[in-house]
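Q: Got a structure for you, questions after.
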Amino acid sequence: RRSTAAARAEPCRTDGRPDRAGKSIILAAMARRRVVAALQEMFPLELAENKWDNVGLLIEPPEPPAQMPGDLAKVLLTNDLTEPVLAEAIERGARMIVTYHPRPFSGLKRFGPHDTTQRIVMSCIQRDIWVYSPHTASDNAAGGVNDWLARCAGGDGATVVPVEPLEGRGGAGRGRIATCSGPVPLSSVLDRLKSSLGVPSLRFAPSEKVMAGRPVPWDAQRCLDAARDTTVSTVAVQAGSGSSVLEGVDADLWVTGEMSHHQVLAANAVGVSVVLTEHSNSERAFLREVQEKLASQVPEAEFLLSAVDCDPLRAI
C-alpha cells in the first residue's frame, strides 16, 4: 500500500489514479534519487577518507506535502554550502544541493538559531532541500577532482597516476602525479592553471634551485622571469589542503590549495617549486565537469552552478 504521505503527494483523478500533475511530482522526486545514484557511481563513497570525512546524502528531510515550493528536479552545485548559497538555492527554486565540502561536517548535539551550520540544517529540513557531499570520494576517485587538476597542470598528453594508489581500484587513490609529454616552461603551467581554475592570480614559491644566481630580493617579477626560464616535467597535485599527501613526493612542482609556510620552505629547499591556488579555488571549477556528467545521466533534472559561491580569501 502507498503511504498516507505518498497519497497526499499524488493529486488524483476522479477514478483514483494519479493525474498528470501527480505523475510529475512522482517523477521529480525520483530524479533526486537518480542524482544520488549517479553521484555514488561517479564517486564511490568507499573511496572517501571515512575515518574523518562526512560524505554522501547528509540531509534527507521527510517526504513533504505536494504544495512545498521549489522544483524537485532542480539541483544547485556549490563548493561550499554557506547561508548565502542556501538563500540562492531557495530563490532559484532548487530542492537539492550538491556541495563539494560537507555541511554538516561533524556531529551536532543541539539545534538552535545561534550556529550557522545548525541554521542551515534546520532550514534545509523545513524546505525539503536534500544535501549531498562527495568531498574526498571525489578527490580519490578515478575521474575525480585530482585527475582534473592534474590535467589542468600537466596539459594535453600528460600521463597521470595516483600518488598513493588504492589497490584494486583502477586509477583511484590519493593525489596525482602528472608527467608532461615533454619539458614545458613553468610559466606555461602557471598560465594554464589560472585559465583552468578561472583565477586572476596564484601564490607561487619557486624553489631555491629555480632562483639560484638571481639577485635578491626575489620579487614577483623576478619569480615570473625565473618561471619563464625554467622547464618542468612532473607536477604533483592534491586539491584542497595537500601537504599530507604531497610531502616527500619527487616532482618539479607541487600544486595544491593551501600549505603551511614551513612546508613551502621545506619543499623549496629540496628543489620543489610550489603553487597555492587557495583552498576552494583548487576544487570549484571542477563543478562544471560534474554538472555536465550529471546532466547526461539524469536528463530530467536541471543542474545549476552557484553564482554566489566563491573563495573567502581576496588579494587586496
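Residue numbers start at 1 in each chain; chains themselves are named A, B, ... in the order of the C-alpha cells; ligands are numbered from 1 in the order shown.
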Could you pull the residues within 12 Å of Gln263 of chain A, counting only C-alpha atoms, minus those fewer than 5 positions along the same chain, as a PyMOL selection string?

A: chain A and resi 205+241-244+246-248+254+258+268-270+272-274+276

Q: Would you list the contacts of Ala94 of chain A as a VMD selection string, taking every protein, DNA or RNA residue within 12 Å and counting only C-alpha atoms, but skipping same-chain residues closer than 3 positions in sequence?

A: chain A and resid 28 32 68 to 77 85 to 91 97 to 98 124 127 to 131 301 to 306

Q: Convert the current residue selection to file output with N, CA, C and O atoms, as a compact mmCIF listing (two decimals), in the first residue's frame.

A:
```
# COMPACT_ATOMS: atom_id res chain seq x y z
N ALA A 28 9.61 13.81 -10.50
CA ALA A 28 10.59 14.77 -9.98
C ALA A 28 11.24 14.23 -8.71
O ALA A 28 12.45 14.38 -8.51
N ARG A 32 15.68 13.09 -7.82
CA ARG A 32 16.66 13.30 -6.75
C ARG A 32 17.35 11.99 -6.39
O ARG A 32 18.55 11.96 -6.13
N MET A 68 4.72 22.15 -1.34
CA MET A 68 6.01 22.74 -0.97
C MET A 68 6.61 23.48 -2.17
O MET A 68 6.68 22.93 -3.27
N PRO A 69 7.06 24.75 -2.00
CA PRO A 69 7.60 25.50 -3.13
C PRO A 69 8.94 24.93 -3.59
O PRO A 69 9.66 24.31 -2.82
N GLY A 70 9.25 25.18 -4.85
CA GLY A 70 10.52 24.72 -5.41
C GLY A 70 10.31 23.58 -6.38
O GLY A 70 9.23 23.01 -6.49
N ASP A 71 11.37 23.25 -7.09
CA ASP A 71 11.33 22.23 -8.13
C ASP A 71 12.16 21.05 -7.68
O ASP A 71 13.38 21.15 -7.50
N LEU A 72 11.50 19.90 -7.48
CA LEU A 72 12.21 18.71 -7.01
C LEU A 72 13.31 18.27 -7.97
O LEU A 72 14.23 17.57 -7.59
N ALA A 73 13.20 18.65 -9.22
CA ALA A 73 14.18 18.22 -10.22
C ALA A 73 15.21 19.31 -10.51
O ALA A 73 15.88 19.27 -11.53
N LYS A 74 15.35 20.29 -9.63
CA LYS A 74 16.33 21.37 -9.81
C LYS A 74 17.40 21.22 -8.73
O LYS A 74 17.09 21.18 -7.54
N VAL A 75 18.67 21.15 -9.17
CA VAL A 75 19.79 20.85 -8.27
C VAL A 75 20.83 21.96 -8.39
O VAL A 75 21.25 22.31 -9.49
N LEU A 76 21.24 22.50 -7.24
CA LEU A 76 22.28 23.54 -7.21
C LEU A 76 23.61 22.91 -6.82
O LEU A 76 23.70 22.20 -5.82
N LEU A 77 24.67 23.20 -7.59
CA LEU A 77 26.01 22.72 -7.30
C LEU A 77 26.85 23.85 -6.73
O LEU A 77 26.85 24.97 -7.27
N VAL A 85 24.64 30.87 -0.11
CA VAL A 85 24.36 29.83 -1.12
C VAL A 85 23.00 29.20 -0.88
O VAL A 85 22.24 28.95 -1.82
N LEU A 86 22.66 28.95 0.38
CA LEU A 86 21.34 28.39 0.67
C LEU A 86 20.25 29.36 0.25
O LEU A 86 19.23 28.94 -0.34
N ALA A 87 20.43 30.66 0.51
CA ALA A 87 19.45 31.65 0.07
C ALA A 87 19.32 31.64 -1.44
O ALA A 87 18.21 31.78 -1.98
N GLU A 88 20.43 31.47 -2.13
CA GLU A 88 20.39 31.39 -3.60
C GLU A 88 19.61 30.16 -4.05
O GLU A 88 18.79 30.23 -4.98
N ALA A 89 19.84 29.01 -3.41
CA ALA A 89 19.12 27.79 -3.77
C ALA A 89 17.62 27.98 -3.60
O ALA A 89 16.82 27.57 -4.46
N ILE A 90 17.23 28.60 -2.50
CA ILE A 90 15.81 28.85 -2.25
C ILE A 90 15.24 29.79 -3.31
O ILE A 90 14.16 29.55 -3.86
N GLU A 91 15.97 30.87 -3.59
CA GLU A 91 15.50 31.85 -4.58
C GLU A 91 15.36 31.23 -5.97
O GLU A 91 14.41 31.55 -6.70
N ILE A 97 20.89 20.29 -3.04
CA ILE A 97 22.18 20.98 -3.13
C ILE A 97 23.28 19.92 -3.11
O ILE A 97 23.31 19.07 -2.21
N VAL A 98 24.14 19.96 -4.11
CA VAL A 98 25.35 19.14 -4.10
C VAL A 98 26.50 20.06 -3.73
O VAL A 98 26.83 20.98 -4.48
N CYS A 124 17.14 23.64 5.65
CA CYS A 124 17.02 22.63 4.60
C CYS A 124 15.91 21.63 4.91
O CYS A 124 15.14 21.24 4.02
N ARG A 127 12.49 23.21 4.37
CA ARG A 127 12.16 23.48 2.97
C ARG A 127 12.34 22.26 2.07
O ARG A 127 12.27 22.37 0.85
N ASP A 128 12.54 21.08 2.68
CA ASP A 128 12.71 19.84 1.92
C ASP A 128 13.83 19.97 0.88
O ASP A 128 13.65 19.65 -0.30
N ILE A 129 14.98 20.44 1.31
CA ILE A 129 16.14 20.54 0.44
C ILE A 129 17.13 19.45 0.84
O ILE A 129 17.62 19.43 1.97
N TRP A 130 17.40 18.53 -0.08
CA TRP A 130 18.39 17.50 0.17
C TRP A 130 19.79 18.09 0.03
O TRP A 130 20.02 19.00 -0.79
N VAL A 131 20.74 17.55 0.80
CA VAL A 131 22.13 17.99 0.71
C VAL A 131 23.02 16.76 0.56
O VAL A 131 22.93 15.82 1.37
N ALA A 301 16.53 16.19 -14.73
CA ALA A 301 16.84 17.20 -13.71
C ALA A 301 17.59 18.38 -14.35
O ALA A 301 18.21 18.25 -15.39
N GLU A 302 17.50 19.53 -13.70
CA GLU A 302 18.21 20.73 -14.13
C GLU A 302 19.31 21.02 -13.12
O GLU A 302 19.05 21.11 -11.92
N PHE A 303 20.54 21.17 -13.60
CA PHE A 303 21.69 21.37 -12.73
C PHE A 303 22.21 22.79 -12.87
O PHE A 303 22.59 23.21 -13.97
N LEU A 304 22.25 23.51 -11.75
CA LEU A 304 22.65 24.91 -11.72
C LEU A 304 23.97 25.05 -10.97
O LEU A 304 24.19 24.38 -9.96
N LEU A 305 24.84 25.91 -11.45
CA LEU A 305 26.06 26.25 -10.72
C LEU A 305 25.79 27.48 -9.87
O LEU A 305 25.19 28.45 -10.34
N SER A 306 26.22 27.45 -8.63
CA SER A 306 26.01 28.60 -7.76
C SER A 306 26.71 29.83 -8.33
O SER A 306 27.85 29.77 -8.80
```

Q: Please report, as a list in words, each residue of segment 179-221 of chain A to which DSSP assigns strand (DSSP E) when run on this structure's backbone.

A: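 Selection result, strand (DSSP E) within segment 179-221 of chain A: Thr179, Cys180, Ser181, Gly182, Pro183, Val184, Pro185, Arg203, Phe204 and Ala205 of chain A.
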
Q: Give me, as a PyMOL selection string, all polymer residues having an atom no more than 7 Å from segment 144-156 of chain A, counting only C-alpha atoms and skipping those fewer than 6 positions away in the same chain.

A: chain A and resi 138+175-180+189+192-193+196+235+237-239+283+286

Q: Between atom CA of Lys51 of chain A and atom CA of Val249 of chain A, what distance in Å does the model show, to one decimal?

A: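 Interatomic distance here is 23.5 Å.
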
Q: Can you tell me, as JSON, numbers by chain, what residues are no more than 9 Å from Pro134 of chain A when counting only C-alpha atoms, ignoring any on the same chain fewer than 6 positions away?

A: {"A": [39, 40, 43, 44, 45, 48, 54, 55, 56, 57, 98, 99, 100, 101, 102]}

Q: With only C-alpha atoms as the atoms that count, which of A:Tyr132, A:Arg174, A:Glu41, A:Val216 lies nearest to Asn79 of chain A?

A: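 Smallest separation from Asn79 of chain A among the options: A:Tyr132.
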
Q: Distance atom CA of Thr136 of chain A-atom CA of Met42 of chain A, one decimal place?

A: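 A separation of 12.3 Å between them.
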
Q: If DSSP is run on the backbone, what residues of segment 41-239 of chain A are helix (DSSP H, G or I)? A reply as an NGL selection string would be ideal.

A: :A and (41-42 or 45-47 or 83-91 or 116-126 or 135-140 or 145-154 or 186-197 or 208-211 or 220-229)

Q: Take the residues from that selection and write them out as a PDB file, in the first residue's frame, keeping C-alpha atoms.

A:
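The new file again.pdb reads:
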```pdb
ATOM      1  CA  GLU A  41      28.585   5.828  -9.259  1.00  0.00           C
ATOM      2  CA  MET A  42      30.930   8.692 -10.211  1.00  0.00           C
ATOM      3  CA  LEU A  45      31.676   6.509  -1.102  1.00  0.00           C
ATOM      4  CA  GLU A  46      34.006   3.691  -0.085  1.00  0.00           C
ATOM      5  CA  LEU A  47      36.864   5.696  -1.653  1.00  0.00           C
ATOM      6  CA  GLU A  83      23.954  30.790   4.147  1.00  0.00           C
ATOM      7  CA  PRO A  84      24.218  32.996   1.016  1.00  0.00           C
ATOM      8  CA  VAL A  85      24.364  29.828  -1.118  1.00  0.00           C
ATOM      9  CA  LEU A  86      21.335  28.393   0.674  1.00  0.00           C
ATOM     10  CA  ALA A  87      19.447  31.653   0.074  1.00  0.00           C
ATOM     11  CA  GLU A  88      20.390  31.387  -3.597  1.00  0.00           C
ATOM     12  CA  ALA A  89      19.121  27.789  -3.773  1.00  0.00           C
ATOM     13  CA  ILE A  90      15.808  28.845  -2.252  1.00  0.00           C
ATOM     14  CA  GLU A  91      15.497  31.848  -4.576  1.00  0.00           C
ATOM     15  CA  THR A 116      25.450  28.761  11.216  1.00  0.00           C
ATOM     16  CA  THR A 117      25.543  25.032  10.489  1.00  0.00           C
ATOM     17  CA  GLN A 118      22.527  24.366  12.705  1.00  0.00           C
ATOM     18  CA  ARG A 119      20.549  27.128  10.966  1.00  0.00           C
ATOM     19  CA  ILE A 120      21.434  25.702   7.548  1.00  0.00           C
ATOM     20  CA  VAL A 121      20.427  22.163   8.533  1.00  0.00           C
ATOM     21  CA  MET A 122      17.112  23.297  10.031  1.00  0.00           C
ATOM     22  CA  SER A 123      16.297  25.471   7.027  1.00  0.00           C
ATOM     23  CA  CYS A 124      17.020  22.632   4.599  1.00  0.00           C
ATOM     24  CA  ILE A 125      14.767  20.276   6.549  1.00  0.00           C
ATOM     25  CA  GLN A 126      11.999  22.895   6.715  1.00  0.00           C
ATOM     26  CA  HIS A 135      34.235  15.513  -0.864  1.00  0.00           C
ATOM     27  CA  THR A 136      37.154  13.061  -0.513  1.00  0.00           C
ATOM     28  CA  ALA A 137      35.324  10.406  -2.534  1.00  0.00           C
ATOM     29  CA  SER A 138      35.655  12.875  -5.423  1.00  0.00           C
ATOM     30  CA  ASP A 139      39.301  13.559  -4.511  1.00  0.00           C
ATOM     31  CA  ASN A 140      40.278   9.903  -4.665  1.00  0.00           C
ATOM     32  CA  VAL A 145      38.859  16.390  -8.863  1.00  0.00           C
ATOM     33  CA  ASN A 146      42.527  15.373  -8.572  1.00  0.00           C
ATOM     34  CA  ASP A 147      42.570  13.831 -12.049  1.00  0.00           C
ATOM     35  CA  TRP A 148      41.045  17.051 -13.358  1.00  0.00           C
ATOM     36  CA  LEU A 149      43.559  19.234 -11.502  1.00  0.00           C
ATOM     37  CA  ALA A 150      46.438  17.095 -12.799  1.00  0.00           C
ATOM     38  CA  ARG A 151      45.193  17.535 -16.369  1.00  0.00           C
ATOM     39  CA  CYS A 152      44.964  21.288 -15.817  1.00  0.00           C
ATOM     40  CA  ALA A 153      48.588  21.364 -14.665  1.00  0.00           C
ATOM     41  CA  GLY A 154      50.106  18.720 -16.920  1.00  0.00           C
ATOM     42  CA  LEU A 186      56.989  26.570 -15.758  1.00  0.00           C
ATOM     43  CA  SER A 187      55.323  29.849 -16.730  1.00  0.00           C
ATOM     44  CA  SER A 188      53.067  27.921 -19.152  1.00  0.00           C
ATOM     45  CA  VAL A 189      51.901  25.679 -16.309  1.00  0.00           C
ATOM     46  CA  LEU A 190      51.084  28.757 -14.231  1.00  0.00           C
ATOM     47  CA  ASP A 191      49.128  30.324 -17.097  1.00  0.00           C
ATOM     48  CA  ARG A 192      47.258  27.091 -17.760  1.00  0.00           C
ATOM     49  CA  LEU A 193      46.303  26.754 -14.099  1.00  0.00           C
ATOM     50  CA  LYS A 194      44.989  30.313 -13.915  1.00  0.00           C
ATOM     51  CA  SER A 195      42.914  29.778 -17.052  1.00  0.00           C
ATOM     52  CA  SER A 196      41.518  26.390 -15.988  1.00  0.00           C
ATOM     53  CA  LEU A 197      40.717  27.469 -12.432  1.00  0.00           C
ATOM     54  CA  GLU A 208      65.895  27.702  -4.419  1.00  0.00           C
ATOM     55  CA  LYS A 209      67.179  25.768  -7.442  1.00  0.00           C
ATOM     56  CA  VAL A 210      64.974  27.780  -9.800  1.00  0.00           C
ATOM     57  CA  MET A 211      66.085  31.078  -8.259  1.00  0.00           C
ATOM     58  CA  ALA A 220      57.095  38.794  -8.161  1.00  0.00           C
ATOM     59  CA  GLN A 221      58.657  39.920 -11.438  1.00  0.00           C
ATOM     60  CA  ARG A 222      61.922  38.075 -10.814  1.00  0.00           C
ATOM     61  CA  CYS A 223      59.990  34.947  -9.855  1.00  0.00           C
ATOM     62  CA  LEU A 224      57.968  35.194 -13.057  1.00  0.00           C
ATOM     63  CA  ASP A 225      61.147  35.697 -15.106  1.00  0.00           C
ATOM     64  CA  ALA A 226      62.597  32.584 -13.482  1.00  0.00           C
ATOM     65  CA  ALA A 227      59.434  30.624 -14.323  1.00  0.00           C
ATOM     66  CA  ARG A 228      59.818  31.612 -17.984  1.00  0.00           C
ATOM     67  CA  ASP A 229      63.415  30.373 -17.985  1.00  0.00           C
TER      68      ASP A 229
END
```

Q: Looking at A:Ser106, A:Thr78, A:Ser207, A:Thr277, which one is nearest to Ala315 of chain A, with distances taken over only C-alpha atoms?

A: A:Thr277

Q: Between A:Asp115, A:Glu300, A:Asp250, A:Glu278, which residue has the minimum interatomic distance to Arg203 of chain A, considering only C-alpha atoms?

A: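 Counting only C-alpha atoms, the residue closest to Arg203 of chain A is A:Glu278.
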
Q: Just want the 12 Å neighbourhood of Arg314 of chain A, counted on only C-alpha atoms, with same-chain residues fewer than 3 positions away dropped. Output as a PDB file with N, CA, C and O atoms, in the first residue's frame.

A:
```
ATOM      1  N   VAL A 199      41.010  31.914 -12.167  1.00  0.00           N
ATOM      2  CA  VAL A 199      41.501  32.847 -11.143  1.00  0.00           C
ATOM      3  C   VAL A 199      42.501  33.807 -11.777  1.00  0.00           C
ATOM      4  O   VAL A 199      43.218  33.447 -12.709  1.00  0.00           O
ATOM      5  N   PRO A 200      42.573  35.050 -11.279  1.00  0.00           N
ATOM      6  CA  PRO A 200      43.492  36.026 -11.869  1.00  0.00           C
ATOM      7  C   PRO A 200      44.924  35.868 -11.410  1.00  0.00           C
ATOM      8  O   PRO A 200      45.850  36.384 -12.041  1.00  0.00           O
ATOM      9  N   SER A 201      45.135  35.172 -10.278  1.00  0.00           N
ATOM     10  CA  SER A 201      46.485  35.068  -9.739  1.00  0.00           C
ATOM     11  C   SER A 201      46.624  33.794  -8.921  1.00  0.00           C
ATOM     12  O   SER A 201      45.635  33.171  -8.515  1.00  0.00           O
ATOM     13  N   LEU A 202      47.879  33.423  -8.680  1.00  0.00           N
ATOM     14  CA  LEU A 202      48.218  32.270  -7.863  1.00  0.00           C
ATOM     15  C   LEU A 202      49.304  32.697  -6.872  1.00  0.00           C
ATOM     16  O   LEU A 202      50.031  33.654  -7.120  1.00  0.00           O
ATOM     17  N   ARG A 203      49.439  31.964  -5.791  1.00  0.00           N
ATOM     18  CA  ARG A 203      50.600  32.143  -4.933  1.00  0.00           C
ATOM     19  C   ARG A 203      51.678  31.168  -5.398  1.00  0.00           C
ATOM     20  O   ARG A 203      51.428  29.964  -5.485  1.00  0.00           O
ATOM     21  N   THR A 277      46.751  27.708  -4.762  1.00  0.00           N
ATOM     22  CA  THR A 277      45.662  28.344  -5.504  1.00  0.00           C
ATOM     23  C   THR A 277      44.633  29.002  -4.598  1.00  0.00           C
ATOM     24  O   THR A 277      43.744  29.697  -5.089  1.00  0.00           O
ATOM     25  N   GLU A 278      44.729  28.807  -3.291  1.00  0.00           N
ATOM     26  CA  GLU A 278      43.709  28.975  -2.249  1.00  0.00           C
ATOM     27  C   GLU A 278      42.833  27.712  -2.263  1.00  0.00           C
ATOM     28  O   GLU A 278      42.582  27.109  -3.311  1.00  0.00           O
ATOM     29  N   ASN A 281      39.662  27.266  -4.511  1.00  0.00           N
ATOM     30  CA  ASN A 281      39.943  27.514  -5.931  1.00  0.00           C
ATOM     31  C   ASN A 281      40.551  26.310  -6.620  1.00  0.00           C
ATOM     32  O   ASN A 281      40.520  26.214  -7.849  1.00  0.00           O
ATOM     33  N   CYS A 310      32.126  31.365  -3.628  1.00  0.00           N
ATOM     34  CA  CYS A 310      33.456  31.846  -4.005  1.00  0.00           C
ATOM     35  C   CYS A 310      34.423  31.609  -2.858  1.00  0.00           C
ATOM     36  O   CYS A 310      34.013  31.363  -1.729  1.00  0.00           O
ATOM     37  N   ASP A 311      35.712  31.670  -3.156  1.00  0.00           N
ATOM     38  CA  ASP A 311      36.702  31.511  -2.107  1.00  0.00           C
ATOM     39  C   ASP A 311      36.616  32.706  -1.163  1.00  0.00           C
ATOM     40  O   ASP A 311      36.456  33.864  -1.613  1.00  0.00           O
TER      41      ASP A 311
END
```

Q: Nearest to Ala295 of chain A: which of A:Ala31, A:Val245, A:Ala266, A:Leu166 is it, counting only C-alpha atoms?

A: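 Of the candidates, the smallest distance to Ala295 of chain A is held by A:Ala31.
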
Q: Measure the distance from atom CA of Gly240 of chain A to atom CA of Arg284 of chain A in Å and round it to one decimal.

A: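 Answer for the atom CA of Gly240 of chain A to atom CA of Arg284 of chain A separation: 10.1 Å.
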